[in-house]
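Q: This is data-v3.txt (compact mmCIF, C-alpha atoms and all ligand atoms).
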```
# COMPACT_ATOMS: atom_id res chain seq x y z
CA MET U 245 -267.08 -105.37 92.10
CA GLU U 246 -265.39 -104.78 88.78
CA SER U 247 -263.79 -101.64 87.43
CA ALA U 248 -262.99 -100.74 83.87
CA SER U 249 -259.24 -101.14 84.31
CA GLY U 250 -259.12 -104.12 86.70
CA LEU U 251 -255.56 -103.43 87.81
CA ILE U 252 -254.25 -105.40 90.79
CA LEU U 253 -250.90 -104.66 92.40
CA GLY U 254 -249.54 -107.96 93.75
CA ILE U 255 -246.97 -108.16 96.56
CA GLU U 256 -245.09 -111.34 97.51
CA SER U 257 -242.57 -111.68 100.36
CA SER U 258 -243.14 -115.16 101.82
CA CYS U 259 -239.59 -116.46 101.47
CA ASP U 260 -236.46 -115.11 99.81
CA GLU U 261 -237.83 -113.15 96.84
CA THR U 262 -239.21 -109.64 97.19
CA ALA U 263 -241.71 -109.30 94.37
CA ALA U 264 -244.30 -106.87 93.01
CA ALA U 265 -246.39 -107.04 89.84
CA VAL U 266 -249.26 -105.30 88.11
CA VAL U 267 -251.76 -107.63 86.44
CA ARG U 268 -254.87 -106.59 84.56
CA ARG U 269 -258.04 -108.63 85.19
CA GLY U 270 -256.07 -111.70 86.31
CA THR U 271 -254.69 -112.40 82.85
CA GLU U 272 -252.47 -109.63 81.50
CA ILE U 273 -249.10 -109.05 83.16
CA LEU U 274 -248.16 -105.38 82.84
CA SER U 275 -245.07 -105.79 85.01
CA ASN U 276 -243.45 -108.52 87.11
CA THR U 277 -240.50 -107.43 89.27
CA VAL U 278 -238.51 -109.83 91.45
CA ALA U 279 -235.56 -108.90 93.69
CA SER U 280 -233.78 -112.13 94.52
CA GLN U 281 -231.93 -112.60 97.81
CA ILE U 282 -229.85 -115.52 96.52
CA ALA U 283 -226.58 -113.66 97.05
CA VAL U 284 -227.52 -112.89 100.68
CA HIS U 285 -228.43 -116.48 101.63
CA SER U 286 -225.92 -118.32 99.41
CA PRO U 287 -223.07 -118.34 101.95
CA TYR U 288 -225.38 -120.14 104.41
CA GLY U 289 -226.68 -122.71 101.88
CA GLY U 290 -230.29 -121.91 102.84
CA VAL U 291 -232.64 -119.07 103.72
CA VAL U 292 -231.81 -117.25 106.99
CA PRO U 293 -235.21 -115.91 108.20
CA GLU U 294 -233.92 -112.71 109.89
CA LEU U 295 -231.86 -111.78 106.87
CA ALA U 296 -234.86 -112.44 104.61
CA SER U 297 -237.07 -110.01 106.60
CA ARG U 298 -234.38 -107.33 106.57
CA GLU U 299 -233.88 -107.67 102.82
CA HIS U 300 -237.65 -107.48 102.17
CA LEU U 301 -237.78 -104.27 104.20
CA ARG U 302 -234.92 -102.84 102.19
CA ASN U 303 -236.19 -103.93 98.78
CA LEU U 304 -239.97 -103.75 98.87
CA LEU U 305 -240.52 -100.06 98.18
CA PRO U 306 -238.05 -99.93 95.23
CA VAL U 307 -239.54 -103.16 93.84
CA VAL U 308 -243.10 -101.77 94.02
CA ARG U 309 -241.98 -98.50 92.39
CA THR U 310 -240.29 -100.44 89.59
CA ALA U 311 -243.39 -102.59 89.05
CA LEU U 312 -245.61 -99.51 88.77
CA ARG U 313 -243.17 -97.69 86.49
CA GLU U 314 -242.76 -100.67 84.17
CA ALA U 315 -246.53 -101.10 84.01
CA GLY U 316 -246.86 -97.39 83.14
CA VAL U 317 -249.33 -96.78 85.97
CA THR U 318 -249.44 -94.84 89.24
CA TYR U 319 -250.75 -95.79 92.70
CA ARG U 320 -254.01 -94.03 91.80
CA ASP U 321 -254.64 -96.31 88.80
CA ILE U 322 -254.55 -99.46 90.92
CA ASP U 323 -257.95 -100.97 91.86
CA ALA U 324 -256.70 -103.17 94.72
CA VAL U 325 -253.56 -104.47 96.38
CA ALA U 326 -253.09 -108.22 96.80
CA VAL U 327 -250.59 -109.63 99.27
CA THR U 328 -249.39 -113.10 100.30
CA GLU U 329 -250.90 -114.01 103.67
CA GLY U 330 -249.07 -117.36 104.03
CA PRO U 331 -247.70 -119.95 104.16
CA GLY U 332 -244.12 -118.77 104.56
CA LEU U 333 -241.67 -117.22 107.01
CA ALA U 334 -243.57 -115.15 109.59
CA GLY U 335 -241.21 -112.16 109.61
CA ALA U 336 -240.91 -112.15 105.82
CA LEU U 337 -244.69 -112.27 105.33
CA LEU U 338 -245.21 -109.47 107.86
CA VAL U 339 -243.08 -107.06 105.84
CA GLY U 340 -245.29 -107.50 102.76
CA ILE U 341 -248.55 -107.49 104.72
CA THR U 342 -247.68 -104.37 106.72
CA PHE U 343 -246.65 -102.54 103.57
CA ALA U 344 -249.79 -103.59 101.67
CA LYS U 345 -252.06 -102.63 104.58
CA SER U 346 -250.50 -99.18 104.90
CA LEU U 347 -250.72 -98.63 101.16
CA THR U 348 -254.41 -99.55 100.93
CA LEU U 349 -255.19 -97.42 103.97
CA ALA U 350 -253.45 -94.41 102.44
CA LEU U 351 -255.03 -94.94 99.01
CA GLY U 352 -258.48 -95.93 100.24
CA LYS U 353 -258.39 -99.10 98.09
CA PRO U 354 -259.28 -102.68 98.99
CA LEU U 355 -256.73 -105.20 100.25
CA ILE U 356 -256.89 -108.85 99.13
CA ALA U 357 -255.16 -111.69 101.02
CA VAL U 358 -253.80 -114.52 98.87
CA ASN U 359 -252.58 -117.99 99.80
CA HIS U 360 -249.09 -118.49 98.32
CA LEU U 361 -249.98 -122.03 97.18
CA GLU U 362 -253.05 -120.78 95.33
CA GLY U 363 -250.73 -118.22 93.77
CA HIS U 364 -248.52 -121.00 92.38
CA ILE U 365 -251.55 -122.69 90.78
CA HIS U 366 -252.61 -119.36 89.28
CA ALA U 367 -249.20 -118.94 87.68
CA VAL U 368 -250.41 -121.62 85.25
CA LEU U 369 -254.04 -120.47 85.04
CA LEU U 370 -252.93 -116.90 84.33
CA GLU U 371 -250.91 -117.87 81.27
CA GLU U 372 -253.60 -120.23 80.01
CA ALA U 373 -256.26 -117.56 80.40
CA LYS U 374 -254.10 -115.14 78.45
CA LEU U 375 -253.65 -117.68 75.65
CA THR U 376 -257.38 -118.37 75.53
CA GLU U 377 -258.16 -114.67 75.36
CA ASP U 378 -255.55 -114.07 72.67
CA GLU U 379 -257.07 -116.86 70.61
CA GLY U 380 -260.48 -115.25 70.99
CA GLY U 381 -261.70 -118.21 73.00
CA SER U 382 -263.77 -118.37 76.12
CA ARG U 383 -262.65 -116.87 79.41
CA ALA U 384 -260.47 -118.89 81.78
CA GLY U 385 -263.33 -119.29 84.21
CA ASP U 386 -265.41 -121.18 81.66
CA ARG U 387 -263.12 -124.17 81.98
CA LYS U 388 -265.03 -127.21 83.16
CA GLY U 389 -263.89 -130.17 85.21
CA GLN U 390 -261.31 -130.88 87.84
CA SER U 391 -257.59 -130.24 87.54
CA LEU U 392 -255.02 -132.17 89.54
CA ALA U 393 -252.40 -129.64 90.62
CA LEU U 394 -248.95 -130.59 91.89
CA VAL U 395 -247.41 -127.65 93.75
CA VAL U 396 -243.75 -128.52 94.15
CA SER U 397 -241.30 -126.00 95.54
CA GLY U 398 -238.66 -125.40 98.19
CA GLY U 399 -241.25 -125.31 100.95
CA HIS U 400 -244.10 -127.44 99.58
CA THR U 401 -245.00 -130.67 97.86
CA HIS U 402 -248.80 -130.82 97.67
CA LEU U 403 -251.42 -132.35 95.42
CA TYR U 404 -254.71 -130.48 95.01
CA LEU U 405 -257.90 -131.11 93.13
CA ALA U 406 -258.78 -127.67 91.80
CA GLU U 407 -262.14 -126.76 90.38
CA PHE U 408 -263.64 -123.55 89.09
CA GLY U 409 -267.11 -123.55 90.59
CA ALA U 410 -270.21 -121.49 89.98
CA GLY U 411 -270.77 -118.61 92.38
CA PRO U 412 -273.85 -117.99 94.47
CA LYS U 413 -277.15 -119.06 92.87
CA GLY U 414 -278.41 -116.84 90.13
CA SER U 415 -275.05 -115.21 89.57
CA GLY U 416 -273.11 -115.64 86.39
CA ASN U 417 -269.56 -116.91 86.07
CA ASP U 418 -268.28 -113.55 87.28
CA THR U 419 -268.89 -114.56 90.86
CA ALA U 420 -267.49 -118.07 90.49
CA THR U 421 -264.35 -118.93 92.43
CA TRP U 422 -261.75 -121.67 92.60
CA THR U 423 -262.07 -124.38 95.22
CA TYR U 424 -259.29 -126.73 96.28
CA ARG U 425 -259.13 -130.11 97.97
CA ASN U 426 -255.81 -131.31 99.33
CA VAL U 427 -255.30 -134.93 98.27
CA GLY U 428 -251.58 -135.38 98.91
CA ARG U 429 -248.54 -133.91 100.57
CA THR U 430 -245.03 -134.66 101.79
CA VAL U 431 -244.57 -136.10 105.27
CA ASP U 432 -241.10 -134.58 105.65
CA ASP U 433 -238.97 -132.53 103.24
CA ALA U 434 -240.37 -130.74 100.19
CA ALA U 435 -238.94 -131.89 96.87
CA GLY U 436 -237.18 -128.54 96.31
CA GLU U 437 -235.71 -128.77 99.79
CA ALA U 438 -234.23 -132.16 98.82
CA PHE U 439 -232.67 -130.59 95.71
CA ASP U 440 -231.25 -127.78 97.88
CA LYS U 441 -229.89 -130.08 100.61
CA VAL U 442 -228.37 -132.55 98.16
CA ALA U 443 -226.70 -129.72 96.23
CA LYS U 444 -225.26 -128.41 99.48
CA LEU U 445 -224.11 -131.91 100.44
CA LEU U 446 -222.25 -132.18 97.11
CA GLY U 447 -220.58 -128.77 97.46
CA LEU U 448 -222.73 -127.08 94.79
CA GLY U 449 -224.42 -123.66 94.88
CA TYR U 450 -227.69 -122.39 96.31
CA PRO U 451 -230.55 -122.82 95.52
CA GLY U 452 -229.62 -126.33 94.45
CA GLY U 453 -232.41 -127.12 91.98
CA PRO U 454 -231.02 -125.23 88.97
CA TRP U 455 -227.50 -126.66 89.62
CA ILE U 456 -228.72 -130.24 89.72
CA ASP U 457 -230.98 -129.62 86.71
CA ALA U 458 -227.97 -128.37 84.71
CA LEU U 459 -225.53 -131.11 85.82
CA ALA U 460 -227.85 -134.15 85.69
CA PRO U 461 -227.79 -134.56 81.87
CA HIS U 462 -224.01 -135.16 82.13
CA GLY U 463 -224.45 -138.25 84.33
CA ASN U 464 -225.98 -141.69 83.99
CA SER U 465 -229.31 -141.74 85.81
CA GLU U 466 -229.27 -145.56 86.00
CA ALA U 467 -225.91 -145.66 87.78
CA VAL U 468 -227.11 -145.43 91.39
CA PRO U 469 -230.31 -147.42 91.89
CA PHE U 470 -232.02 -145.75 94.85
CA SER U 471 -234.58 -148.18 96.19
CA SER U 472 -238.17 -147.03 96.16
CA SER U 473 -238.26 -147.35 99.98
CA GLN U 474 -235.76 -144.48 100.14
CA ILE U 475 -238.34 -142.12 98.73
CA LYS U 476 -241.52 -143.88 99.79
CA ALA U 477 -243.54 -142.28 102.58
CA LYS U 478 -243.72 -144.69 105.47
CA VAL U 479 -246.13 -142.67 107.61
CA HIS U 480 -249.84 -143.07 107.02
CA ARG U 481 -251.50 -141.11 109.79
CA LYS U 482 -255.23 -141.57 109.82
CA GLY U 483 -257.53 -138.69 109.07
CA GLU U 484 -254.78 -136.29 108.06
CA LEU U 485 -256.19 -135.59 104.66
CA GLY U 486 -259.70 -134.64 105.61
CA ALA U 487 -262.51 -136.76 104.23
CA LEU U 488 -260.39 -139.09 102.10
CA ASN U 489 -260.43 -142.84 102.69
CA PRO U 490 -257.04 -144.01 103.99
CA ALA U 491 -256.60 -145.88 100.72
CA GLU U 492 -256.85 -142.62 98.82
CA LYS U 493 -254.09 -140.80 100.67
CA ILE U 494 -251.03 -139.90 98.67
CA TYR U 495 -247.86 -139.12 100.58
CA PHE U 496 -244.43 -138.08 99.45
CA SER U 497 -241.20 -138.40 101.42
CA PHE U 498 -237.83 -137.00 100.40
CA SER U 499 -235.73 -137.24 103.53
CA GLY U 500 -234.73 -140.89 102.93
CA ILE U 501 -233.06 -140.24 99.59
CA LYS U 502 -231.10 -137.36 101.12
CA THR U 503 -229.75 -139.69 103.83
CA ALA U 504 -228.99 -142.34 101.19
CA MET U 505 -226.99 -139.73 99.24
CA LEU U 506 -225.01 -138.82 102.37
CA ARG U 507 -224.26 -142.48 103.05
CA TYR U 508 -223.17 -142.97 99.42
CA THR U 509 -220.68 -140.09 99.63
CA LYS U 510 -219.20 -141.63 102.78
CA VAL U 511 -219.00 -145.19 101.42
CA TYR U 512 -217.19 -143.94 98.30
CA GLU U 513 -215.06 -141.48 100.32
CA MET U 514 -216.13 -138.46 98.30
CA GLU U 515 -215.71 -135.94 101.17
CA SER U 516 -212.37 -134.45 100.12
CA SER U 517 -213.42 -133.95 96.48
CA ILE U 518 -216.68 -132.36 97.67
CA GLU U 519 -214.75 -129.97 99.92
CA ALA U 520 -212.35 -129.11 97.08
CA ARG U 521 -215.32 -128.31 94.82
CA ARG U 522 -216.97 -126.19 97.52
CA LEU U 523 -213.78 -124.18 98.00
CA ALA U 524 -213.17 -123.77 94.27
CA LEU U 525 -216.70 -122.44 93.71
CA ALA U 526 -216.50 -120.19 96.79
CA ALA U 527 -213.40 -118.58 95.30
CA MET U 528 -215.30 -117.64 92.11
CA LYS U 529 -217.36 -114.51 91.68
CA ASN U 530 -220.95 -115.48 90.94
CA PRO U 531 -220.29 -119.16 90.04
CA LYS U 532 -222.72 -121.04 87.77
CA ALA U 533 -223.46 -124.73 87.19
CA ALA U 534 -221.18 -124.63 84.11
CA ASP U 535 -218.28 -123.75 86.45
CA ALA U 536 -219.08 -126.82 88.56
CA LEU U 537 -219.08 -129.28 85.65
CA PRO U 538 -215.27 -129.60 85.31
CA LEU U 539 -215.11 -129.94 89.11
CA CYS U 540 -217.38 -133.03 89.12
CA ASP U 541 -216.04 -136.53 88.42
CA ARG U 542 -218.06 -139.29 86.76
CA ARG U 543 -219.25 -140.76 90.06
CA THR U 544 -220.58 -137.37 91.22
CA LEU U 545 -222.37 -136.70 87.94
CA ASP U 546 -223.93 -140.18 87.98
CA LEU U 547 -225.07 -139.61 91.56
CA ILE U 548 -226.66 -136.26 90.63
CA ALA U 549 -228.42 -137.76 87.60
CA SER U 550 -229.69 -140.74 89.61
CA PHE U 551 -230.99 -138.48 92.38
CA GLN U 552 -232.90 -136.26 89.97
CA ARG U 553 -234.36 -139.25 88.11
CA SER U 554 -235.58 -140.83 91.38
CA VAL U 555 -237.25 -137.65 92.62
CA VAL U 556 -238.84 -136.82 89.27
CA ASP U 557 -240.09 -140.40 88.85
CA ASP U 558 -241.62 -140.43 92.32
CA LEU U 559 -243.38 -137.09 91.72
CA ARG U 560 -244.57 -138.31 88.30
CA ARG U 561 -245.88 -141.68 89.51
CA LYS U 562 -247.84 -140.25 92.43
CA THR U 563 -249.20 -137.27 90.53
CA PHE U 564 -250.63 -139.42 87.74
CA ARG U 565 -251.88 -141.99 90.27
CA ALA U 566 -253.81 -139.15 91.94
CA ALA U 567 -255.10 -137.85 88.60
CA GLU U 568 -256.40 -141.33 87.79
CA ARG U 569 -257.85 -141.96 91.26
CA PHE U 570 -259.77 -138.69 91.35
CA GLY U 571 -260.74 -138.64 87.69
CA ALA U 572 -258.97 -135.32 87.01
CA GLU U 573 -259.35 -134.03 83.48
CA ARG U 574 -255.93 -132.46 83.35
CA VAL U 575 -252.71 -131.98 85.28
CA ILE U 576 -251.07 -128.72 86.38
CA VAL U 577 -247.52 -128.62 87.75
CA SER U 578 -246.34 -125.46 89.46
CA GLY U 579 -243.76 -124.11 91.95
CA GLY U 580 -239.99 -123.75 91.66
CA VAL U 581 -239.30 -127.43 90.92
CA ALA U 582 -241.70 -127.18 87.93
CA ALA U 583 -238.80 -125.36 86.25
CA ASN U 584 -236.88 -128.66 86.15
CA ARG U 585 -236.29 -129.79 82.57
CA GLU U 586 -236.31 -133.53 83.19
CA LEU U 587 -239.53 -133.16 85.18
CA ARG U 588 -241.19 -131.33 82.29
CA VAL U 589 -240.07 -133.91 79.73
CA ARG U 590 -241.10 -136.95 81.76
CA PHE U 591 -244.43 -135.50 82.94
CA THR U 592 -245.26 -134.41 79.41
CA ALA U 593 -244.48 -137.90 78.04
CA GLU U 594 -246.69 -139.61 80.61
CA ALA U 595 -249.54 -137.13 80.07
CA GLY U 596 -249.27 -137.83 76.34
CA GLU U 597 -249.54 -141.60 76.90
CA ARG U 598 -252.61 -141.05 79.04
CA HIS U 599 -254.13 -138.45 76.67
CA LEU U 600 -254.34 -136.02 79.58
CA PRO U 601 -253.71 -132.31 78.98
CA ILE U 602 -250.84 -130.99 81.11
CA ALA U 603 -249.74 -127.42 81.84
CA PHE U 604 -246.64 -125.83 83.38
CA PRO U 605 -245.92 -122.16 84.06
CA SER U 606 -243.26 -120.39 82.02
CA ILE U 607 -239.90 -120.60 83.84
CA ALA U 608 -240.22 -117.00 85.09
CA LEU U 609 -243.56 -117.76 86.74
CA ALA U 610 -242.54 -121.18 88.17
CA THR U 611 -240.48 -119.71 91.01
CA ASP U 612 -241.85 -117.14 93.46
CA ASN U 613 -243.26 -113.99 91.89
CA ALA U 614 -246.06 -111.48 92.51
CA ALA U 615 -247.86 -111.81 89.16
CA MET U 616 -249.26 -115.13 90.40
CA ILE U 617 -250.48 -113.39 93.58
CA ALA U 618 -252.21 -110.62 91.62
CA ALA U 619 -253.76 -113.22 89.29
CA ALA U 620 -255.09 -115.35 92.17
CA ALA U 621 -256.59 -112.18 93.66
CA TRP U 622 -258.70 -111.36 90.61
CA PRO U 623 -261.65 -113.74 91.31
CA LYS U 624 -261.61 -112.47 94.91
CA PHE U 625 -261.71 -108.87 93.68
CA VAL U 626 -264.63 -109.66 91.42
CA THR U 627 -266.55 -111.30 94.27
CA GLY U 628 -265.59 -108.58 96.79
CA SER U 629 -263.67 -110.99 99.04
CA PHE U 630 -261.45 -108.45 100.76
CA ALA U 631 -259.10 -108.91 103.71
CA ALA U 632 -260.21 -108.06 107.22
CA GLU U 633 -258.53 -105.17 109.05
CA GLY U 634 -256.89 -107.68 111.38
CA LEU U 635 -255.07 -109.48 108.56
CA THR U 636 -251.79 -110.92 109.78
CA ALA U 637 -249.14 -113.41 108.65
CA GLU U 638 -250.23 -117.07 108.63
CA PRO U 639 -246.96 -119.06 108.39
CA SER U 640 -248.75 -122.46 108.24
CA LEU U 641 -251.75 -121.43 106.16
CA ALA U 642 -253.32 -124.43 104.42
CA LEU U 643 -255.09 -124.35 101.06
CA GLY U 644 -258.57 -125.77 100.59
CA SER U 645 -260.29 -128.54 102.46
O1 LIG N 701 -241.46 -121.71 94.31
P1 LIG N 701 -240.14 -121.32 94.84
O2 LIG N 701 -239.43 -120.15 94.20
O3 LIG N 701 -240.18 -121.01 96.37
C1 LIG N 701 -240.95 -121.71 97.30
O4 LIG N 701 -242.17 -121.42 97.39
O5 LIG N 701 -240.35 -122.59 97.95
O6 LIG N 701 -239.23 -122.63 94.74
C2 LIG N 701 -237.86 -122.64 95.04
C3 LIG N 701 -237.39 -124.07 94.95
C4 LIG N 701 -235.96 -124.27 95.44
O7 LIG N 701 -235.93 -125.40 96.28
C5 LIG N 701 -235.18 -124.52 94.17
O8 LIG N 701 -234.04 -125.35 94.33
C6 LIG N 701 -236.21 -125.19 93.32
O9 LIG N 701 -237.42 -124.51 93.60
N1 LIG N 701 -235.91 -125.09 91.88
C7 LIG N 701 -235.64 -126.15 91.10
C8 LIG N 701 -235.33 -125.63 89.82
N2 LIG N 701 -235.44 -124.26 89.87
C9 LIG N 701 -235.79 -123.95 91.15
N3 LIG N 701 -235.62 -127.47 91.37
C10 LIG N 701 -235.30 -128.30 90.36
N4 LIG N 701 -234.98 -127.88 89.11
C11 LIG N 701 -234.98 -126.56 88.80
N5 LIG N 701 -234.67 -126.15 87.57
ZN ZN N 702 -243.36 -120.57 96.30
```
Using the file provided, produce a representation of the structure as structure tokens.
Ligand code: KG4
Ligand code: ZN

A:
Amino acid sequence: MESASGLILGIESSCDETAAAVVRRGTEILSNTVASQIAVHSPYGGVVPELASREHLRNLLPVVRTALREAGVTYRDIDAVAVTEGPGLAGALLVGITFAKSLTLALGKPLIAVNHLEGHIHAVLLEEAKLTEDEGGSRAGDRKGQSLALVVSGGHTHLYLAEFGAGPKGSGNDTATWTYRNVGRTVDDAAGEAFDKVAKLLGLGYPGGPWIDALAPHGNSEAVPFSSSQIKAKVHRKGELGALNPAEKIYFSFSGIKTAMLRYTKVYEMESSIEARRLALAAMKNPKAADALPLCDRRTLDLIASFQRSVVDDLRRKTFRAAERFGAERVIVSGGVAANRELRVRFTAEAGERHLPIAFPSIALATDNAAMIAAAAWPKFVTGSFAAEGLTAEPSLALGS
């Protein structure tokens, strides 16, 4: 099924961003609207599920209207609505799904369910496809070979082998779809969660990733040598990664380094300075990382830099180990933590040494957005893979085999 316009309205509400976007044929973003709930959850230092659902309910209709207006289209021009099915917070997902279902029912248009993790991968594919088209090259789907995708965000740290495969026999590329094989994951916290918890522990703002990213260059990353056992996954449960041999499993673990950070702050009696920083930032209207810099002493900055270096190095080592083990022809890094500057620099350097192409999303598409959902929906639209009437939220939805 393919229409002349190929306009998909994407809706994303899996966590703390209410987002809507209009994307043409999976490559051209006509609008990408995100209403952030940071201010709502900030005082709690993490996402409060009930508040997230309430905010989605409040914001979704205005966000969709804005997305349509900015794209210069009306409901009637849309060919299908794509919505995040999971994984995510059940109540938050339900708001988006219920809205999308009602909309498609009223408009008589198809509904497409999208896995949030596939959306993150498509944030990269979408921009690449656009580049290829702009350069007059082949379509995105013509790309051959396997990609190793690291999806690294506040809720997820996964490694996937992604491949664009031919569709049913006799069909052209237009019915081809992406397939995914999960080859690695975290056994405890997600990397972004570690950034968020460590930032909270040090009296910094929420979400913690951008704060640590901004403060880390001011510290010495060699100052606090976290041992590799503090970030090494100790659990190797058999059979958890499908058909892989146990030797092929790749696990991450980020709870040990968080505990090590807590212990460090106690050993060096940093509690009172942390509390003073927390109070000083709480007294400011809309504080930024730059406001925190003069409130951080050398030891704190060194600790922040060392933490970031350890996490980035662990992600880098295991990602490239997986790429090598599975013979991937390129590496994709996506999700909120892919916005991290040190991560981009260090991954890019290693990819260069290995002569492996590497791709990141633009910063705007690294964190949660609906353009990635609309883009991931395009191959499903083309192949007529529409959601069943009984579509509901799948908080633990997995991607691939
Ligand atoms: O993809 P995302 O918006 O939501 C999830 O699907 O979880 O990712 C949000 C996560 C948060 O943990 C946030 O701290 C982290 O991404 N993050 C960063 C940066 N920007 C956002 N982590 C490190 N460095 C950044 N610059
Ligand atoms: Zn996400």

Q: Would you work out the distance separating CA of Arg309 in chain U from atom O7 of ligand LIG 701 (chain N), expressed in Å to one decimal?

A: 27.8 Å

Q: Nearest to ligand ZN 702 (chain N) among U:Ala583, U:Ala458, U:Ala620, U:Val396, with distances taken over only C-alpha atoms and all ligand atoms: which residue is it?

A: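 Of all the options, U:Val396 lies closest to ligand ZN 702 (chain N).
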
Q: What's the 9 Å shell around range 503-507 of chain U, counting all atoms listed in the file, without same-chain residues fewer than 5 positions away, as a PDB file with C-alpha atoms, in the coordinates of the input?

A:
```
ATOM      1  CA  VAL U 442    -228.370-132.550  98.160  1.00  0.00           C
ATOM      2  CA  LEU U 445    -224.110-131.910 100.440  1.00  0.00           C
ATOM      3  CA  LEU U 446    -222.250-132.180  97.110  1.00  0.00           C
ATOM      4  CA  PHE U 470    -232.020-145.750  94.850  1.00  0.00           C
ATOM      5  CA  GLN U 474    -235.760-144.480 100.140  1.00  0.00           C
ATOM      6  CA  TYR U 512    -217.190-143.940  98.300  1.00  0.00           C
ATOM      7  CA  LEU U 547    -225.070-139.610  91.560  1.00  0.00           C
ATOM      8  CA  PHE U 551    -230.990-138.480  92.380  1.00  0.00           C
TER       9      PHE U 551
END
```

Q: What is the atom O1 of ligand LIG 701 (chain N) to CA of His402 in chain U distance in Å?

A: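 That distance, rounded to one decimal, is 12.2 Å.
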
Q: Excluding same-chain residues fewer than 6 positions from range 302-308 of chain U, what lies within 9 Å of it counting all atoms listed in the file, as a list of chain:residue names?

A: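 Result of the neighbour search: U:Leu253, U:Gly254, U:Ile255, U:Ser257, U:Thr262, U:Ala263, U:Ala264, U:Ala265, U:Thr277, U:Val278, U:Ala279, U:Val339, U:Gly340, U:Phe343.
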
Q: 12 Å from ligand ZN 702 (chain N) is the threshold here; counting only C-alpha atoms and all ligand atoms, which polymer residues fall inside it? Answer as an MDAnalysis selection string.

A: chainID U and resid 256:263 328 330:333 359:367 395:402 434 436:437 578:582 609:614 616:617

Q: Please produce a file of the residues just selected, as a compact mmCIF listing (two decimals), in the coordinates of the input, where the atoms kept are C-alpha atoms.

A:
```txt
# COMPACT_ATOMS: atom_id res chain seq x y z
CA GLU U 256 -245.09 -111.34 97.51
CA SER U 257 -242.57 -111.68 100.36
CA SER U 258 -243.14 -115.16 101.82
CA CYS U 259 -239.59 -116.46 101.47
CA ASP U 260 -236.46 -115.11 99.81
CA GLU U 261 -237.83 -113.15 96.84
CA THR U 262 -239.21 -109.64 97.19
CA ALA U 263 -241.71 -109.30 94.37
CA THR U 328 -249.39 -113.10 100.30
CA GLY U 330 -249.07 -117.36 104.03
CA PRO U 331 -247.70 -119.95 104.16
CA GLY U 332 -244.12 -118.77 104.56
CA LEU U 333 -241.67 -117.22 107.01
CA ASN U 359 -252.58 -117.99 99.80
CA HIS U 360 -249.09 -118.49 98.32
CA LEU U 361 -249.98 -122.03 97.18
CA GLU U 362 -253.05 -120.78 95.33
CA GLY U 363 -250.73 -118.22 93.77
CA HIS U 364 -248.52 -121.00 92.38
CA ILE U 365 -251.55 -122.69 90.78
CA HIS U 366 -252.61 -119.36 89.28
CA ALA U 367 -249.20 -118.94 87.68
CA VAL U 395 -247.41 -127.65 93.75
CA VAL U 396 -243.75 -128.52 94.15
CA SER U 397 -241.30 -126.00 95.54
CA GLY U 398 -238.66 -125.40 98.19
CA GLY U 399 -241.25 -125.31 100.95
CA HIS U 400 -244.10 -127.44 99.58
CA THR U 401 -245.00 -130.67 97.86
CA HIS U 402 -248.80 -130.82 97.67
CA ALA U 434 -240.37 -130.74 100.19
CA GLY U 436 -237.18 -128.54 96.31
CA GLU U 437 -235.71 -128.77 99.79
CA SER U 578 -246.34 -125.46 89.46
CA GLY U 579 -243.76 -124.11 91.95
CA GLY U 580 -239.99 -123.75 91.66
CA VAL U 581 -239.30 -127.43 90.92
CA ALA U 582 -241.70 -127.18 87.93
CA LEU U 609 -243.56 -117.76 86.74
CA ALA U 610 -242.54 -121.18 88.17
CA THR U 611 -240.48 -119.71 91.01
CA ASP U 612 -241.85 -117.14 93.46
CA ASN U 613 -243.26 -113.99 91.89
CA ALA U 614 -246.06 -111.48 92.51
CA MET U 616 -249.26 -115.13 90.40
CA ILE U 617 -250.48 -113.39 93.58
```

Q: Tell me which of U:Gly270, U:Gly463, U:Gly250, U:Gly289 sits closest to Arg543 in chain U, counting all atoms listed in the file.

A: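 Nearest candidate to Arg543 in chain U out of U:Gly270, U:Gly463, U:Gly250, U:Gly289: U:Gly463.
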
Q: Between U:Glu371, U:Asp323, U:Glu294, U:Glu314, which is the closest to Ser606 in chain U once you count only C-alpha atoms?

A: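 Closest to Ser606 in chain U of all the choices is U:Glu371.
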
Q: In terms of the shortest atom-to-atom distance over only C-alpha atoms, which of U:Ala567, U:Leu523, U:Ala615, U:Val468 is closest to Arg598 in chain U?

A: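 Result for the nearest residue to Arg598 in chain U: U:Ala567.
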
Q: Just give me the gap between CA of Pro461 in chain U and atom N1 of ligand LIG 701 (chain N) in Å, one decimal is fine.

A: 16.0 Å

Q: Rank nothing, just name the residue among U:Glu519, U:Glu633, U:Glu573, U:Glu299 nearest to Leu539 in chain U, using all atoms listed in the file.

A: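 Result for the nearest residue to Leu539 in chain U: U:Glu519.
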